[in-house]
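Accompanying notes for the structure given below.
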Amino acid sequence: DSGSTHAFVLESGRWPQLVRHDGSTHPADLYLEGSDQHRGWFQSSLLESCGTRGRAPYKAVLTHGFTMDAKGMKMSKSLGNTISPIDLMRDYGADILRLWALSVDFTEDHRIGKEILTGVADQYRKLRNTFRYLLGALEGFTEEERVTDVAAMPELERYMLSLLAELDRDMARAVDDFDYNSYTRRLADFCNEDLSAFYFDIRKDVLYCDLGPAAPLGTDTRRAYRSVLDILFHALVRYAAPVLVFTAEEVWGTRYPDAGSVHLLEWPGVEAVWSHSALAEKWAAIRALRSAVTERIEPLRREKIVRSSLEAEVWLPEAAGDVDYEEIFITATVHRGEWDVKRTDHHKCGRCWRHLPEVAEDGGLCNRCETVLDKA
């Protein structure tokens with residue numbers, strides 16, 4: 001009977017770590033099956049083990065629903081609506097199929113179809129693009145460049161490490177709870193919203209422009225940025241490994257071709273002390289203000305008054321904190337006053353493309369670029 005499988009699997013002697021000091025065996029950590037097995041394998045295993053061993057054969061039971069077609073119909077050969085996983089892997093790749101499996105609420109019946117997988121493929125593409133950016137931005141990164149003192153980093157970098165600490169806590173909890181839907185969603189949201197749409201967007205100027213003869217390792221801000229990117233890389237590739245198995249291996253092997261498999265790595269070493277509630281609250285207000293500024297610039301872009309946010313001069317009624325708003329908003333000068341956005345009259349730096357008051361004419365250099373390029 002299938003209910004006796006615990007006897008010839010757990011007690012086979014093939015897993016010595018399951019054997020107790022008295023010769024008996026530990027129960028399985030988990031029994032995994034479909035919801036129909038509550039009256040089947042789960043039940044018969046429980047009855048047989050309790051009757052012969054006096055205890056349950058498992059510590060926990062995880063139940064999953066059934067996979068339906070795109071219309072919610074049960075798959076049947078007679079209906080011709082069956083979907084082959086082999087065909088899906090050929091068309092979309094195994095990682096996208098795995099991402100779909102972990103994105104759905106597996107405790108309930110769920111659907112699969114071309115339109116659903118197209119959406120998952122888009123989510124996968126965004127995650128892959130995050131790793132592509134990290135690999136490019138970390139090219140040539142060395143220990144000599146690394147900033148190890150988090151307290152000495154700019155506030156934006158400390159805020160991102162705080163977000164990473166929160167992410168790490170949520171991911172660990174999701175694993176403990178077998179909540180893979182939250183696991184994949186949290187990972188995707190962090191990569192898309194916190195990194196691509198915010199952190200990478202702001203710091204690309206520093207990455208490209210804060211390196212030159214006067215700063216061969218980069219400015220302090222650039223070094224801190226790349227140090228945080230390295231921390232993010234090591235954390236994210238480990239989070240992604242159980243989900244995007246082949247992609248994570250490709251990403252890891254691209255940066256560390258001689259370091260073995262990513263799947264032999266441990267959970268990332270993210271410091272809980274990086275979490276900073278006051279900093280998170282402050283920057284949440286700054287990000288809300290940034291979104292409001294972006295919305296006010298958009299009509300000027302549509303009307304071709306400005307071609308990019310760098311050409312916009314902004315007036316704010318109030319500030320959310322003491323930060324470099326021109327850098328955060330990616331705009332020209334930011335003033336205090338009634339809400340307003342206009343095209344700036346400042347000239348454009350020929351190197352960083354920022355419109356700043358110290359640039360004498362279009363194509364000239366701003367103070368920052370002159371300093372970085374100064375060989376003296």
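In the structure tokens, each chain is lettered A, B, ... as it comes, each chain's residues begin at 1, and ligands are numbered from 1 in order of appearance.
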List the neighbours of region 325-340 of chain A out to 9 Å using only C-alpha atoms; skip same-chain residues closer than 3 positions along the sequence, and give me the result as a PDB file with N, CA, C and O atoms, in the first residue's frame.
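Wrote around_29.pdb, looks like this:
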```pdb
ATOM      1  N   PHE A 198      14.140  53.104 -10.182  1.00  0.00           N
ATOM      2  CA  PHE A 198      14.540  54.103  -9.192  1.00  0.00           C
ATOM      3  C   PHE A 198      16.069  54.178  -9.039  1.00  0.00           C
ATOM      4  O   PHE A 198      16.694  55.133  -9.518  1.00  0.00           O
ATOM      5  N   ASP A 201      18.185  54.142 -12.267  1.00  0.00           N
ATOM      6  CA  ASP A 201      17.858  55.337 -13.036  1.00  0.00           C
ATOM      7  C   ASP A 201      18.594  56.564 -12.505  1.00  0.00           C
ATOM      8  O   ASP A 201      19.131  57.366 -13.270  1.00  0.00           O
ATOM      9  N   ILE A 202      18.631  56.701 -11.193  1.00  0.00           N
ATOM     10  CA  ILE A 202      19.298  57.850 -10.567  1.00  0.00           C
ATOM     11  C   ILE A 202      20.813  57.752 -10.694  1.00  0.00           C
ATOM     12  O   ILE A 202      21.486  58.731 -11.050  1.00  0.00           O
ATOM     13  N   ARG A 203      21.349  56.579 -10.446  1.00  0.00           N
ATOM     14  CA  ARG A 203      22.802  56.440 -10.338  1.00  0.00           C
ATOM     15  C   ARG A 203      23.513  56.194 -11.672  1.00  0.00           C
ATOM     16  O   ARG A 203      24.751  56.167 -11.706  1.00  0.00           O
ATOM     17  N   ASP A 205      24.009  58.240 -13.980  1.00  0.00           N
ATOM     18  CA  ASP A 205      24.836  59.424 -14.204  1.00  0.00           C
ATOM     19  C   ASP A 205      26.170  59.289 -13.477  1.00  0.00           C
ATOM     20  O   ASP A 205      27.240  59.550 -14.047  1.00  0.00           O
ATOM     21  N   ILE A 286      10.330  60.924  -0.245  1.00  0.00           N
ATOM     22  CA  ILE A 286      11.102  61.468  -1.363  1.00  0.00           C
ATOM     23  C   ILE A 286      10.685  60.808  -2.675  1.00  0.00           C
ATOM     24  O   ILE A 286      10.537  61.475  -3.711  1.00  0.00           O
ATOM     25  N   ARG A 287      10.466  59.500  -2.636  1.00  0.00           N
ATOM     26  CA  ARG A 287      10.044  58.792  -3.852  1.00  0.00           C
ATOM     27  C   ARG A 287       8.651  59.221  -4.291  1.00  0.00           C
ATOM     28  O   ARG A 287       8.372  59.305  -5.495  1.00  0.00           O
ATOM     29  N   LEU A 289       7.440  62.194  -3.847  1.00  0.00           N
ATOM     30  CA  LEU A 289       7.668  63.508  -4.439  1.00  0.00           C
ATOM     31  C   LEU A 289       8.275  63.365  -5.830  1.00  0.00           C
ATOM     32  O   LEU A 289       7.906  64.107  -6.758  1.00  0.00           O
ATOM     33  N   ARG A 290       9.164  62.422  -5.998  1.00  0.00           N
ATOM     34  CA  ARG A 290       9.768  62.159  -7.307  1.00  0.00           C
ATOM     35  C   ARG A 290       8.711  61.750  -8.323  1.00  0.00           C
ATOM     36  O   ARG A 290       8.728  62.201  -9.485  1.00  0.00           O
ATOM     37  N   SER A 291       7.785  60.921  -7.916  1.00  0.00           N
ATOM     38  CA  SER A 291       6.700  60.504  -8.812  1.00  0.00           C
ATOM     39  C   SER A 291       5.830  61.685  -9.213  1.00  0.00           C
ATOM     40  O   SER A 291       5.409  61.805 -10.374  1.00  0.00           O
ATOM     41  N   VAL A 293       6.762  64.837  -9.391  1.00  0.00           N
ATOM     42  CA  VAL A 293       7.531  65.663 -10.332  1.00  0.00           C
ATOM     43  C   VAL A 293       7.513  65.032 -11.721  1.00  0.00           C
ATOM     44  O   VAL A 293       7.326  65.725 -12.734  1.00  0.00           O
ATOM     45  N   THR A 294       7.692  63.726 -11.791  1.00  0.00           N
ATOM     46  CA  THR A 294       7.673  63.029 -13.081  1.00  0.00           C
ATOM     47  C   THR A 294       6.336  63.220 -13.784  1.00  0.00           C
ATOM     48  O   THR A 294       6.289  63.450 -15.010  1.00  0.00           O
ATOM     49  N   ARG A 296       4.339  65.760 -13.511  1.00  0.00           N
ATOM     50  CA  ARG A 296       4.231  67.150 -13.954  1.00  0.00           C
ATOM     51  C   ARG A 296       5.136  67.440 -15.147  1.00  0.00           C
ATOM     52  O   ARG A 296       4.860  68.357 -15.921  1.00  0.00           O
ATOM     53  N   SER A 308      13.684  65.737 -22.456  1.00  0.00           N
ATOM     54  CA  SER A 308      13.939  64.829 -21.338  1.00  0.00           C
ATOM     55  C   SER A 308      13.788  65.611 -20.040  1.00  0.00           C
ATOM     56  O   SER A 308      13.742  66.846 -20.051  1.00  0.00           O
ATOM     57  N   SER A 309      13.744  64.888 -18.941  1.00  0.00           N
ATOM     58  CA  SER A 309      13.592  65.545 -17.642  1.00  0.00           C
ATOM     59  C   SER A 309      14.790  66.430 -17.319  1.00  0.00           C
ATOM     60  O   SER A 309      14.678  67.363 -16.520  1.00  0.00           O
ATOM     61  N   LEU A 310      15.943  66.175 -17.946  1.00  0.00           N
ATOM     62  CA  LEU A 310      17.137  66.986 -17.696  1.00  0.00           C
ATOM     63  C   LEU A 310      16.941  68.440 -18.114  1.00  0.00           C
ATOM     64  O   LEU A 310      17.640  69.332 -17.624  1.00  0.00           O
ATOM     65  N   GLU A 311      15.992  68.696 -19.009  1.00  0.00           N
ATOM     66  CA  GLU A 311      15.743  70.055 -19.478  1.00  0.00           C
ATOM     67  C   GLU A 311      14.689  70.769 -18.642  1.00  0.00           C
ATOM     68  O   GLU A 311      14.357  71.921 -18.916  1.00  0.00           O
ATOM     69  N   ALA A 312      14.156  70.117 -17.633  1.00  0.00           N
ATOM     70  CA  ALA A 312      13.079  70.692 -16.830  1.00  0.00           C
ATOM     71  C   ALA A 312      13.614  71.346 -15.562  1.00  0.00           C
ATOM     72  O   ALA A 312      14.429  70.765 -14.837  1.00  0.00           O
ATOM     73  N   GLU A 313      13.139  72.546 -15.294  1.00  0.00           N
ATOM     74  CA  GLU A 313      13.445  73.252 -14.054  1.00  0.00           C
ATOM     75  C   GLU A 313      12.207  73.182 -13.177  1.00  0.00           C
ATOM     76  O   GLU A 313      11.086  73.428 -13.645  1.00  0.00           O
ATOM     77  N   VAL A 314      12.378  72.837 -11.923  1.00  0.00           N
ATOM     78  CA  VAL A 314      11.245  72.480 -11.060  1.00  0.00           C
ATOM     79  C   VAL A 314      11.176  73.403  -9.842  1.00  0.00           C
ATOM     80  O   VAL A 314      12.202  73.772  -9.266  1.00  0.00           O
ATOM     81  N   TRP A 315       9.934  73.754  -9.464  1.00  0.00           N
ATOM     82  CA  TRP A 315       9.679  74.478  -8.221  1.00  0.00           C
ATOM     83  C   TRP A 315       8.829  73.594  -7.317  1.00  0.00           C
ATOM     84  O   TRP A 315       7.785  73.068  -7.751  1.00  0.00           O
ATOM     85  N   LEU A 316       9.270  73.400  -6.080  1.00  0.00           N
ATOM     86  CA  LEU A 316       8.574  72.549  -5.118  1.00  0.00           C
ATOM     87  C   LEU A 316       8.006  73.394  -3.978  1.00  0.00           C
ATOM     88  O   LEU A 316       8.699  74.265  -3.459  1.00  0.00           O
ATOM     89  N   PRO A 317       6.777  73.138  -3.551  1.00  0.00           N
ATOM     90  CA  PRO A 317       6.228  73.875  -2.410  1.00  0.00           C
ATOM     91  C   PRO A 317       6.883  73.478  -1.097  1.00  0.00           C
ATOM     92  O   PRO A 317       6.964  74.260  -0.156  1.00  0.00           O
ATOM     93  N   GLU A 318       7.341  72.227  -1.006  1.00  0.00           N
ATOM     94  CA  GLU A 318       8.009  71.769   0.220  1.00  0.00           C
ATOM     95  C   GLU A 318       8.904  70.590  -0.118  1.00  0.00           C
ATOM     96  O   GLU A 318       8.696  69.902  -1.121  1.00  0.00           O
ATOM     97  N   ALA A 319       9.910  70.384   0.706  1.00  0.00           N
ATOM     98  CA  ALA A 319      10.851  69.285   0.498  1.00  0.00           C
ATOM     99  C   ALA A 319      10.566  68.163   1.483  1.00  0.00           C
ATOM    100  O   ALA A 319      10.056  68.391   2.578  1.00  0.00           O
ATOM    101  N   ASP A 322      16.558  66.548   3.208  1.00  0.00           N
ATOM    102  CA  ASP A 322      17.744  67.264   2.753  1.00  0.00           C
ATOM    103  C   ASP A 322      18.551  66.353   1.833  1.00  0.00           C
ATOM    104  O   ASP A 322      19.444  65.633   2.273  1.00  0.00           O
ATOM    105  N   ARG A 343      10.821  74.771 -18.927  1.00  0.00           N
ATOM    106  CA  ARG A 343      12.065  74.446 -19.614  1.00  0.00           C
ATOM    107  C   ARG A 343      13.170  75.360 -19.077  1.00  0.00           C
ATOM    108  O   ARG A 343      12.990  76.571 -18.964  1.00  0.00           O
ATOM    109  N   THR A 344      14.303  74.786 -18.745  1.00  0.00           N
ATOM    110  CA  THR A 344      15.394  75.578 -18.171  1.00  0.00           C
ATOM    111  C   THR A 344      16.110  76.414 -19.213  1.00  0.00           C
ATOM    112  O   THR A 344      16.124  76.064 -20.405  1.00  0.00           O
ATOM    113  N   HIS A 346      19.346  77.108 -18.598  1.00  0.00           N
ATOM    114  CA  HIS A 346      20.746  76.770 -18.390  1.00  0.00           C
ATOM    115  C   HIS A 346      21.296  75.988 -19.583  1.00  0.00           C
ATOM    116  O   HIS A 346      20.566  75.261 -20.264  1.00  0.00           O
ATOM    117  N   ARG A 354      23.782  67.324 -18.168  1.00  0.00           N
ATOM    118  CA  ARG A 354      22.956  68.051 -17.208  1.00  0.00           C
ATOM    119  C   ARG A 354      22.974  69.545 -17.541  1.00  0.00           C
ATOM    120  O   ARG A 354      23.989  70.088 -18.001  1.00  0.00           O
ATOM    121  N   HIS A 355      21.849  70.204 -17.324  1.00  0.00           N
ATOM    122  CA  HIS A 355      21.734  71.644 -17.566  1.00  0.00           C
ATOM    123  C   HIS A 355      21.971  72.356 -16.242  1.00  0.00           C
ATOM    124  O   HIS A 355      21.145  72.295 -15.334  1.00  0.00           O
ATOM    125  N   LEU A 356      23.122  73.036 -16.151  1.00  0.00           N
ATOM    126  CA  LEU A 356      23.539  73.614 -14.878  1.00  0.00           C
ATOM    127  C   LEU A 356      23.965  75.075 -15.055  1.00  0.00           C
ATOM    128  O   LEU A 356      24.451  75.470 -16.126  1.00  0.00           O
ATOM    129  N   PRO A 357      23.810  75.905 -14.020  1.00  0.00           N
ATOM    130  CA  PRO A 357      24.119  77.335 -14.139  1.00  0.00           C
ATOM    131  C   PRO A 357      25.583  77.632 -14.419  1.00  0.00           C
ATOM    132  O   PRO A 357      25.909  78.653 -15.014  1.00  0.00           O
TER     133      PRO A 357
END
```
>> Based on the backbone DSSP call, show me all residues of region 205-313 of chain A assigned alpha helix (DSSP H), as a PyMOL selection string.
In response: chain A and resi 205-209+220-240+245-255+277-302
Store the residues of this selection in a file with C-alpha atoms, as a PDB file, in the first residue's frame.
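This went into selection_15.pdb:
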```
ATOM      1  CA  ASP A 205      24.836  59.424 -14.204  1.00  0.00           C
ATOM      2  CA  VAL A 206      27.361  58.661 -11.449  1.00  0.00           C
ATOM      3  CA  LEU A 207      28.300  55.351 -13.064  1.00  0.00           C
ATOM      4  CA  TYR A 208      29.079  56.932 -16.428  1.00  0.00           C
ATOM      5  CA  CYS A 209      30.470  60.329 -15.406  1.00  0.00           C
ATOM      6  CA  ASP A 220      33.504  58.168  -3.474  1.00  0.00           C
ATOM      7  CA  THR A 221      29.872  58.094  -4.611  1.00  0.00           C
ATOM      8  CA  ARG A 222      30.637  55.880  -7.606  1.00  0.00           C
ATOM      9  CA  ARG A 223      32.691  53.499  -5.474  1.00  0.00           C
ATOM     10  CA  ALA A 224      29.862  53.257  -2.943  1.00  0.00           C
ATOM     11  CA  TYR A 225      27.364  52.661  -5.760  1.00  0.00           C
ATOM     12  CA  ARG A 226      29.386  49.820  -7.272  1.00  0.00           C
ATOM     13  CA  SER A 227      29.966  48.351  -3.815  1.00  0.00           C
ATOM     14  CA  VAL A 228      26.217  48.240  -3.225  1.00  0.00           C
ATOM     15  CA  LEU A 229      25.677  46.793  -6.715  1.00  0.00           C
ATOM     16  CA  ASP A 230      28.067  43.987  -5.804  1.00  0.00           C
ATOM     17  CA  ILE A 231      26.094  43.263  -2.635  1.00  0.00           C
ATOM     18  CA  LEU A 232      22.869  43.310  -4.636  1.00  0.00           C
ATOM     19  CA  PHE A 233      24.317  40.979  -7.252  1.00  0.00           C
ATOM     20  CA  HIS A 234      25.345  38.335  -4.719  1.00  0.00           C
ATOM     21  CA  ALA A 235      21.961  38.494  -2.982  1.00  0.00           C
ATOM     22  CA  LEU A 236      19.750  38.544  -6.082  1.00  0.00           C
ATOM     23  CA  VAL A 237      21.518  35.747  -7.936  1.00  0.00           C
ATOM     24  CA  ARG A 238      21.014  33.527  -4.889  1.00  0.00           C
ATOM     25  CA  TYR A 239      17.338  34.499  -4.551  1.00  0.00           C
ATOM     26  CA  ALA A 240      16.790  33.808  -8.242  1.00  0.00           C
ATOM     27  CA  VAL A 245      17.723  27.804 -12.512  1.00  0.00           C
ATOM     28  CA  PHE A 246      19.480  28.129 -15.859  1.00  0.00           C
ATOM     29  CA  THR A 247      19.482  31.922 -15.978  1.00  0.00           C
ATOM     30  CA  ALA A 248      21.029  32.220 -12.512  1.00  0.00           C
ATOM     31  CA  GLU A 249      23.716  29.717 -13.508  1.00  0.00           C
ATOM     32  CA  GLU A 250      24.420  31.704 -16.675  1.00  0.00           C
ATOM     33  CA  VAL A 251      24.610  34.981 -14.753  1.00  0.00           C
ATOM     34  CA  TRP A 252      26.911  33.552 -12.075  1.00  0.00           C
ATOM     35  CA  GLY A 253      29.152  31.843 -14.624  1.00  0.00           C
ATOM     36  CA  THR A 254      29.435  35.012 -16.678  1.00  0.00           C
ATOM     37  CA  ARG A 255      30.893  36.940 -13.758  1.00  0.00           C
ATOM     38  CA  SER A 277      12.956  52.353   9.536  1.00  0.00           C
ATOM     39  CA  ALA A 278      13.482  56.128   9.822  1.00  0.00           C
ATOM     40  CA  LEU A 279      15.536  56.186   6.635  1.00  0.00           C
ATOM     41  CA  ALA A 280      12.941  54.074   4.830  1.00  0.00           C
ATOM     42  CA  GLU A 281      10.160  56.431   5.904  1.00  0.00           C
ATOM     43  CA  LYS A 282      12.100  59.497   4.766  1.00  0.00           C
ATOM     44  CA  TRP A 283      12.899  58.047   1.356  1.00  0.00           C
ATOM     45  CA  ALA A 284       9.348  56.803   0.838  1.00  0.00           C
ATOM     46  CA  ALA A 285       8.289  60.475   1.015  1.00  0.00           C
ATOM     47  CA  ILE A 286      11.102  61.468  -1.363  1.00  0.00           C
ATOM     48  CA  ARG A 287      10.044  58.792  -3.852  1.00  0.00           C
ATOM     49  CA  ALA A 288       6.444  59.981  -3.687  1.00  0.00           C
ATOM     50  CA  LEU A 289       7.668  63.508  -4.439  1.00  0.00           C
ATOM     51  CA  ARG A 290       9.768  62.159  -7.307  1.00  0.00           C
ATOM     52  CA  SER A 291       6.700  60.504  -8.812  1.00  0.00           C
ATOM     53  CA  ALA A 292       4.751  63.769  -8.535  1.00  0.00           C
ATOM     54  CA  VAL A 293       7.531  65.663 -10.332  1.00  0.00           C
ATOM     55  CA  THR A 294       7.673  63.029 -13.081  1.00  0.00           C
ATOM     56  CA  GLU A 295       3.910  63.366 -13.622  1.00  0.00           C
ATOM     57  CA  ARG A 296       4.231  67.150 -13.954  1.00  0.00           C
ATOM     58  CA  ILE A 297       7.086  66.857 -16.442  1.00  0.00           C
ATOM     59  CA  GLU A 298       5.280  64.372 -18.676  1.00  0.00           C
ATOM     60  CA  PRO A 299       2.869  66.922 -20.311  1.00  0.00           C
ATOM     61  CA  LEU A 300       5.893  69.034 -21.312  1.00  0.00           C
ATOM     62  CA  ARG A 301       7.466  65.962 -22.886  1.00  0.00           C
ATOM     63  CA  ARG A 302       4.295  65.155 -24.832  1.00  0.00           C
TER      64      ARG A 302
END
```
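Counting from CA of His263 (chain A), the distance to CA of Pro242 (chain A) is 7.9 Å.
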>> Among region 238-369 of chain A, which ones does DSSP assign to strand (DSSP E) (computed from the backbone)? Answer as a list in words.
In response: Ala312, Glu313, Val314, Trp315, Leu316, Val334, His335, Arg336, Asp340, Val341, Lys342, Arg343, His347, Lys348, His355 and Leu356 of chain A
> Which residues, written as a PyMOL selection string, have at least one atom at most 9 Å from region 188-194 of chain A, with only C-alpha atoms counted and residues fewer than 2 positions away on the same chain left out?
Replying inline: chain A and resi 123-124+126-127+130+160+163-164+167+183-186+196-200+236
> Contacts of Ala101 (chain A) at 10 Å or less, counting only C-alpha atoms, minus same-chain residues fewer than 2 places along, as a VMD selection string?
Replying inline: chain A and resid 67 95 to 99 103 to 106 110 112 120 180 to 181 243
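Compared by their closest atoms to Gly140 (chain A), and using only C-alpha atoms, the residues A:Gly364, A:Gly40, A:Gly218, A:Gly3 rank with A:Gly218 nearest.
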